[in-house]
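J.: The structure follows.
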Amino acid sequence: MPEPLKIACIGTGTVGRSWARAFAEAGHCVTLHDANGGVAREAVRLLQAELPHRAAAFTCAASLEAALQGACYVQESGPESLAIKRNLFEAMNAVAGPETLFGSSTSTLPGSSFLCGLHISARSLVVHPTNPPHLVPLVELCRTGETSDETLDAVRAIMRGCGQTPVEIRKEIFGFALNRLQAALVAEALRLVSDGVISPTDLDKVVTDGLGLRWAASGPFETGHFNAPGGYAEYMGKFRSVWAALFDAIGASCGIDEDLVRRIDGDLRGSLGQQPDRALAARDDLLRALRAVQRNTKDSEGDEVA
């Protein structure tokens, strides 16, 4: 097992506490600090109760300086406010060690709006989790124009070591990728319910027993790639007009560019390797396993109600 790291979680609400649990479960030592000391102390109490075998991994720091002392990595999870985040990073900038790395859990704000122009800017970037990060591993890494290559590589390694799945957002954009995808689906879900097309309960089932289940095993591009013997390019060749009509129906402004289709097809062929049939079989096995878990969970819930 790798040497435990000292990690500081600054901001100990729901997201910060979940981050602390993810780090501790990976074997690291976590110091928690919050502007409201009572919130931090309560977070430590809850974490120690949830993970009694890792209770000693959690400590509470009364000051920002104490929290950062000796930390190799800091995960900031303060309120989603530009002014608060800028003030917080300026305060950390004043007490940070020369090698500490910094990640912000911001879910929408571009990092350059509050991470730049500081001594620690080269060591800082957005590290946006999927809440709760101790259960859902996807994390978006988005650098600013001042983030160094070394910082990106080091934080990516820390995340992988904690069981997270880091992806790089190559351009700053409001909401990054996950929340923009989520927003598109939620907007159409609201419209379908508002127009009387489907009930809220059934709409949720469309996601949990349909799209969400399928996409848990293969994303939207990979799903298309698996749906035609010749891969994504063949799939889009067959269904381009259908997708174009759907885009028009929902008011989406996305065209289907041939060069983009070829680029996606090439990327998928590279990631799936020389044995796409094996990847497809693995997807099907995962779907069966997920479906079995769903059925067992629903059966047990039914038993409890009865």
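Every chain in the structure tokens has a letter given in the order shown (A, B, ...), and although residue numbers restart at 1 in each chain, ligands are simply numbered from 1 in the order shown.
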Please identify all polymer residues within 12 Å of Pro220 of chain A, counting only C-alpha atoms, omitting same-chain residues fewer than 5 positions from it, and present them as a ChimeraX atom specification.
T.: /A:181,211-215,225-227,232,264,268
J.: Kindly save the residues from that selection, with all heavy atoms included, as a short mmCIF file (atom, residue, chain, number, x, y, z; two decimals), in the first residue's frame.
T.:
```cif
data_model
loop_
_atom_site.label_atom_id
_atom_site.label_comp_id
_atom_site.auth_asym_id
_atom_site.auth_seq_id
_atom_site.Cartn_x
_atom_site.Cartn_y
_atom_site.Cartn_z
N LEU A 181 -24.04 18.31 -19.21
CA LEU A 181 -24.81 17.15 -19.66
C LEU A 181 -26.05 16.96 -18.78
O LEU A 181 -27.16 16.71 -19.26
CB LEU A 181 -23.95 15.89 -19.62
CG LEU A 181 -22.85 15.78 -20.67
CD1 LEU A 181 -21.92 14.61 -20.35
CD2 LEU A 181 -23.45 15.62 -22.06
N LEU A 211 -31.83 4.95 -19.50
CA LEU A 211 -30.60 5.65 -19.86
C LEU A 211 -29.51 5.50 -18.82
O LEU A 211 -28.35 5.23 -19.15
CB LEU A 211 -30.89 7.13 -20.08
CG LEU A 211 -31.48 7.53 -21.42
CD1 LEU A 211 -31.74 9.03 -21.44
CD2 LEU A 211 -30.55 7.15 -22.56
N GLY A 212 -29.87 5.72 -17.54
CA GLY A 212 -28.85 5.66 -16.49
C GLY A 212 -28.22 4.29 -16.39
O GLY A 212 -27.00 4.16 -16.23
N LEU A 213 -29.05 3.25 -16.48
CA LEU A 213 -28.54 1.88 -16.41
C LEU A 213 -27.62 1.60 -17.60
O LEU A 213 -26.52 1.08 -17.44
CB LEU A 213 -29.71 0.90 -16.39
CG LEU A 213 -29.36 -0.58 -16.27
CD1 LEU A 213 -28.65 -0.86 -14.95
CD2 LEU A 213 -30.61 -1.44 -16.39
N ARG A 214 -28.08 1.95 -18.79
CA ARG A 214 -27.27 1.69 -19.99
C ARG A 214 -25.98 2.48 -19.96
O ARG A 214 -24.89 1.96 -20.22
CB ARG A 214 -28.07 2.02 -21.25
CG ARG A 214 -27.30 1.75 -22.53
CD ARG A 214 -28.20 1.82 -23.75
NE ARG A 214 -28.59 3.18 -24.06
CZ ARG A 214 -29.39 3.51 -25.08
NH1 ARG A 214 -29.91 2.55 -25.83
NH2 ARG A 214 -29.70 4.76 -25.32
N TRP A 215 -26.07 3.76 -19.60
CA TRP A 215 -24.88 4.60 -19.62
C TRP A 215 -23.92 4.30 -18.49
O TRP A 215 -22.77 4.70 -18.52
CB TRP A 215 -25.30 6.07 -19.61
CG TRP A 215 -25.79 6.55 -20.94
CD1 TRP A 215 -25.74 5.89 -22.12
CD2 TRP A 215 -26.40 7.81 -21.22
NE1 TRP A 215 -26.29 6.65 -23.13
CE2 TRP A 215 -26.71 7.84 -22.60
CE3 TRP A 215 -26.74 8.91 -20.44
CZ2 TRP A 215 -27.32 8.93 -23.21
CZ3 TRP A 215 -27.35 10.00 -21.05
CH2 TRP A 215 -27.63 10.02 -22.41
N HIS A 225 -21.28 3.15 -30.83
CA HIS A 225 -20.25 2.31 -31.45
C HIS A 225 -20.64 0.84 -31.40
O HIS A 225 -20.44 0.09 -32.37
CB HIS A 225 -18.93 2.53 -30.71
CG HIS A 225 -17.72 2.01 -31.42
ND1 HIS A 225 -17.19 2.63 -32.54
CD2 HIS A 225 -16.93 0.94 -31.16
CE1 HIS A 225 -16.12 1.96 -32.93
NE2 HIS A 225 -15.94 0.93 -32.12
N PHE A 226 -21.22 0.41 -30.27
CA PHE A 226 -21.63 -0.98 -30.12
C PHE A 226 -22.89 -1.31 -30.93
O PHE A 226 -23.19 -2.49 -31.16
CB PHE A 226 -21.92 -1.30 -28.65
CG PHE A 226 -20.68 -1.43 -27.80
CD1 PHE A 226 -20.68 -0.96 -26.48
CD2 PHE A 226 -19.53 -2.03 -28.29
CE1 PHE A 226 -19.55 -1.11 -25.68
CE2 PHE A 226 -18.40 -2.17 -27.50
CZ PHE A 226 -18.41 -1.70 -26.19
N ASN A 227 -23.63 -0.29 -31.36
CA ASN A 227 -24.91 -0.52 -32.02
C ASN A 227 -24.80 -0.72 -33.53
O ASN A 227 -25.83 -0.81 -34.21
CB ASN A 227 -25.87 0.65 -31.73
CG ASN A 227 -26.51 0.54 -30.36
OD1 ASN A 227 -26.39 -0.47 -29.68
ND2 ASN A 227 -27.18 1.60 -29.94
N TYR A 232 -18.88 3.44 -34.65
CA TYR A 232 -19.62 4.69 -34.50
C TYR A 232 -19.87 5.37 -35.84
O TYR A 232 -20.95 5.94 -36.07
CB TYR A 232 -18.85 5.64 -33.58
CG TYR A 232 -19.64 6.86 -33.18
CD1 TYR A 232 -20.63 6.77 -32.21
CD2 TYR A 232 -19.40 8.10 -33.77
CE1 TYR A 232 -21.38 7.88 -31.85
CE2 TYR A 232 -20.14 9.21 -33.41
CZ TYR A 232 -21.12 9.10 -32.45
OH TYR A 232 -21.86 10.21 -32.10
N ILE A 264 -14.46 10.85 -33.39
CA ILE A 264 -15.02 10.05 -32.30
C ILE A 264 -14.83 8.56 -32.58
O ILE A 264 -14.44 7.79 -31.69
CB ILE A 264 -16.51 10.38 -32.11
CG1 ILE A 264 -16.67 11.82 -31.61
CG2 ILE A 264 -17.17 9.40 -31.13
CD1 ILE A 264 -18.09 12.33 -31.64
N LEU A 268 -12.72 5.94 -30.19
CA LEU A 268 -13.34 4.73 -29.64
C LEU A 268 -12.57 3.49 -30.04
O LEU A 268 -12.35 2.59 -29.21
CB LEU A 268 -14.79 4.63 -30.11
CG LEU A 268 -15.75 5.64 -29.48
CD1 LEU A 268 -17.05 5.69 -30.28
CD2 LEU A 268 -16.04 5.28 -28.03
#
```
J.: With a cut-off of 10 Å, could you pull out the residues of segment 3-110 of chain A touching segment 119-132 of chain A and give me the nearest pair of atoms for each, distance in Å to one decimal, using only C-alpha atoms, ordered by chain and ascending number, as CSV?
T.:
```
residue,atom,partner,partner_atom,distance
A:Thr14,CA,A:Pro132,CA,7.9
A:Val15,CA,A:Pro132,CA,6.4
A:Gly16,CA,A:Pro132,CA,9.3
A:Arg17,CA,A:Pro132,CA,9.1
A:Ser18,CA,A:Pro132,CA,5.8
A:Trp19,CA,A:Pro132,CA,7.7
A:Arg21,CA,A:Pro132,CA,9.8
A:Ala22,CA,A:Pro132,CA,9.2
A:Tyr73,CA,A:Arg123,CA,9.7
A:Val74,CA,A:Ser124,CA,9.4
A:Gln75,CA,A:Val127,CA,7.9
A:Glu76,CA,A:Val127,CA,8.9
A:Ser77,CA,A:His128,CA,9.4
A:Phe89,CA,A:Ile120,CA,8.7
A:Glu90,CA,A:Ile120,CA,9.2
A:Met92,CA,A:Ile120,CA,8.6
A:Asn93,CA,A:Ile120,CA,6.0
A:Ala94,CA,A:His119,CA,8.5
A:Ala96,CA,A:Ile120,CA,7.7
A:Gly97,CA,A:Ile120,CA,9.1
A:Pro98,CA,A:Ile120,CA,8.2
A:Glu99,CA,A:Arg123,CA,7.9
A:Thr100,CA,A:Arg123,CA,7.3
A:Leu101,CA,A:Arg123,CA,5.0
A:Phe102,CA,A:Ser124,CA,4.6
A:Gly103,CA,A:Val127,CA,5.0
A:Ser104,CA,A:Val126,CA,4.7
A:Ser105,CA,A:His128,CA,4.5
A:Thr106,CA,A:His128,CA,5.9
A:Ser107,CA,A:His128,CA,5.9
A:Thr108,CA,A:His128,CA,8.8
A:Leu109,CA,A:Val126,CA,8.9
A:Pro110,CA,A:Val126,CA,7.8
```
J.: Hey, can you check how far atom CA of Glu172 of chain A sits from atom CA of Gly251 of chain A?
T.: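 Going from atom CA of Glu172 of chain A over to atom CA of Gly251 of chain A covers 24.3 Å.
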J.: Could you check which of A:Leu290, A:Ile198, A:Ala49, A:Leu178 is closest to Ala216 of chain A, using only C-alpha atoms?
T.: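 Residue with the minimum atom-to-atom distance to Ala216 of chain A: A:Leu290.
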J.: For Lys6 of chain A, list every protein, DNA or RNA residue within 7 Å, evaluated using only C-alpha atoms, and leave out those in the same chain fewer than 6 positions away; present the list as a VMD selection string.
T.: chain A and resid 28 to 30 70 to 72
J.: Restricted to all heavy atoms, what would the selected residues look like written as a PDB file, in the first residue's frame?
T.:
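Once everything was written out, this is again_34.pdb:
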```
ATOM      1  N   HIS A  28      -5.349   7.603   3.533  1.00  0.00           N
ATOM      2  CA  HIS A  28      -4.672   8.863   3.830  1.00  0.00           C
ATOM      3  C   HIS A  28      -5.142   9.473   5.157  1.00  0.00           C
ATOM      4  O   HIS A  28      -6.195   9.105   5.689  1.00  0.00           O
ATOM      5  CB  HIS A  28      -4.879   9.855   2.683  1.00  0.00           C
ATOM      6  CG  HIS A  28      -4.392   9.328   1.362  1.00  0.00           C
ATOM      7  ND1 HIS A  28      -3.121   8.835   1.189  1.00  0.00           N
ATOM      8  CD2 HIS A  28      -5.012   9.207   0.151  1.00  0.00           C
ATOM      9  CE1 HIS A  28      -2.970   8.437  -0.064  1.00  0.00           C
ATOM     10  NE2 HIS A  28      -4.105   8.645  -0.704  1.00  0.00           N
ATOM     11  N   CYS A  29      -4.355  10.406   5.661  1.00  0.00           N
ATOM     12  CA  CYS A  29      -4.695  11.147   6.878  1.00  0.00           C
ATOM     13  C   CYS A  29      -5.326  12.475   6.475  1.00  0.00           C
ATOM     14  O   CYS A  29      -4.791  13.183   5.616  1.00  0.00           O
ATOM     15  CB  CYS A  29      -3.440  11.401   7.712  1.00  0.00           C
ATOM     16  SG  CYS A  29      -2.604   9.876   8.202  1.00  0.00           S
ATOM     17  N   VAL A  30      -6.437  12.826   7.071  1.00  0.00           N
ATOM     18  CA  VAL A  30      -7.210  13.975   6.626  1.00  0.00           C
ATOM     19  C   VAL A  30      -7.417  14.968   7.771  1.00  0.00           C
ATOM     20  O   VAL A  30      -7.902  14.600   8.845  1.00  0.00           O
ATOM     21  CB  VAL A  30      -8.592  13.539   6.084  1.00  0.00           C
ATOM     22  CG1 VAL A  30      -9.302  14.728   5.437  1.00  0.00           C
ATOM     23  CG2 VAL A  30      -8.450  12.390   5.091  1.00  0.00           C
ATOM     24  N   GLY A  70       1.994  20.935   6.547  1.00  0.00           N
ATOM     25  CA  GLY A  70       2.435  19.606   6.158  1.00  0.00           C
ATOM     26  C   GLY A  70       1.572  18.904   5.144  1.00  0.00           C
ATOM     27  O   GLY A  70       1.850  17.759   4.765  1.00  0.00           O
ATOM     28  N   ALA A  71       0.501  19.557   4.674  1.00  0.00           N
ATOM     29  CA  ALA A  71      -0.395  18.915   3.709  1.00  0.00           C
ATOM     30  C   ALA A  71       0.250  18.883   2.325  1.00  0.00           C
ATOM     31  O   ALA A  71       0.802  19.880   1.862  1.00  0.00           O
ATOM     32  CB  ALA A  71      -1.728  19.647   3.645  1.00  0.00           C
ATOM     33  N   CYS A  72       0.145  17.745   1.663  1.00  0.00           N
ATOM     34  CA  CYS A  72       0.652  17.668   0.290  1.00  0.00           C
ATOM     35  C   CYS A  72      -0.436  18.053  -0.708  1.00  0.00           C
ATOM     36  O   CYS A  72      -0.146  18.464  -1.822  1.00  0.00           O
ATOM     37  CB  CYS A  72       1.180  16.274  -0.017  1.00  0.00           C
ATOM     38  SG  CYS A  72      -0.096  15.022  -0.165  1.00  0.00           S
TER      39      CYS A  72
END
```
J.: To test your reading of the structure, identify every residue in segment 128-295 of chain A that backbone DSSP assigns to alpha helix (DSSP H), and report it as an NGL selection string.
T.: :A and (149-161 or 178-194 or 200-206 or 212-217 or 220-226 or 232-250 or 258-272 or 276-295)
J.: Please return, as number ranges by chain, all residues of segment 63-120 of chain A that DSSP assigns to strand (DSSP E or B) on the basis of the backbone.
T.: A: 73-76, 101-104
J.: Would you compute the distance between atom CA of Arg54 of chain A and atom CA of Thr12 of chain A? Give it in Å to one decimal.
T.: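 A separation of 17.7 Å between them.
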J.: Name the residues in contact with segment 189-192 of chain A at a cut-off of 10 Å, using only C-alpha atoms, excluding same-chain residues fewer than 6 positions from it; report them as number ranges by chain.
T.: A: 183, 198-200, 203-204, 206-207, 250
J.: Save out the residues we just selected, N, CA, C and O atoms, as an mmCIF file, in the first residue's frame.
T.:
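Resulting contents of selection_14.cif:
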```
data_model
loop_
_atom_site.group_PDB
_atom_site.id
_atom_site.type_symbol
_atom_site.label_atom_id
_atom_site.label_comp_id
_atom_site.auth_asym_id
_atom_site.auth_seq_id
_atom_site.Cartn_x
_atom_site.Cartn_y
_atom_site.Cartn_z
ATOM 1 N N ALA A 183 -27.580 19.232 -17.040
ATOM 2 C CA ALA A 183 -28.526 20.323 -17.274
ATOM 3 C C ALA A 183 -29.370 20.081 -18.514
ATOM 4 O O ALA A 183 -30.577 20.365 -18.529
ATOM 5 N N ILE A 198 -45.316 12.771 -19.669
ATOM 6 C CA ILE A 198 -44.974 11.679 -18.761
ATOM 7 C C ILE A 198 -45.028 12.204 -17.329
ATOM 8 O O ILE A 198 -44.864 13.403 -17.089
ATOM 9 N N SER A 199 -45.271 11.304 -16.373
ATOM 10 C CA SER A 199 -45.300 11.713 -14.971
ATOM 11 C C SER A 199 -43.876 11.831 -14.436
ATOM 12 O O SER A 199 -42.944 11.212 -14.974
ATOM 13 N N PRO A 200 -43.668 12.607 -13.365
ATOM 14 C CA PRO A 200 -42.328 12.690 -12.773
ATOM 15 C C PRO A 200 -41.784 11.327 -12.354
ATOM 16 O O PRO A 200 -40.604 11.027 -12.552
ATOM 17 N N LEU A 203 -40.782 9.415 -15.411
ATOM 18 C CA LEU A 203 -39.592 10.035 -16.004
ATOM 19 C C LEU A 203 -38.332 9.561 -15.286
ATOM 20 O O LEU A 203 -37.329 9.221 -15.912
ATOM 21 N N ASP A 204 -38.393 9.507 -13.960
ATOM 22 C CA ASP A 204 -37.245 9.008 -13.206
ATOM 23 C C ASP A 204 -36.919 7.571 -13.588
ATOM 24 O O ASP A 204 -35.744 7.185 -13.676
ATOM 25 N N VAL A 206 -37.383 6.237 -16.499
ATOM 26 C CA VAL A 206 -36.732 6.274 -17.810
ATOM 27 C C VAL A 206 -35.224 6.393 -17.647
ATOM 28 O O VAL A 206 -34.440 5.803 -18.395
ATOM 29 N N VAL A 207 -34.809 7.143 -16.614
ATOM 30 C CA VAL A 207 -33.379 7.307 -16.360
ATOM 31 C C VAL A 207 -32.810 6.128 -15.581
ATOM 32 O O VAL A 207 -31.826 5.500 -16.000
ATOM 33 N N ILE A 250 -35.856 19.012 -29.862
ATOM 34 C CA ILE A 250 -35.562 19.530 -28.519
ATOM 35 C C ILE A 250 -34.896 20.899 -28.562
ATOM 36 O O ILE A 250 -34.529 21.459 -27.525
#
```
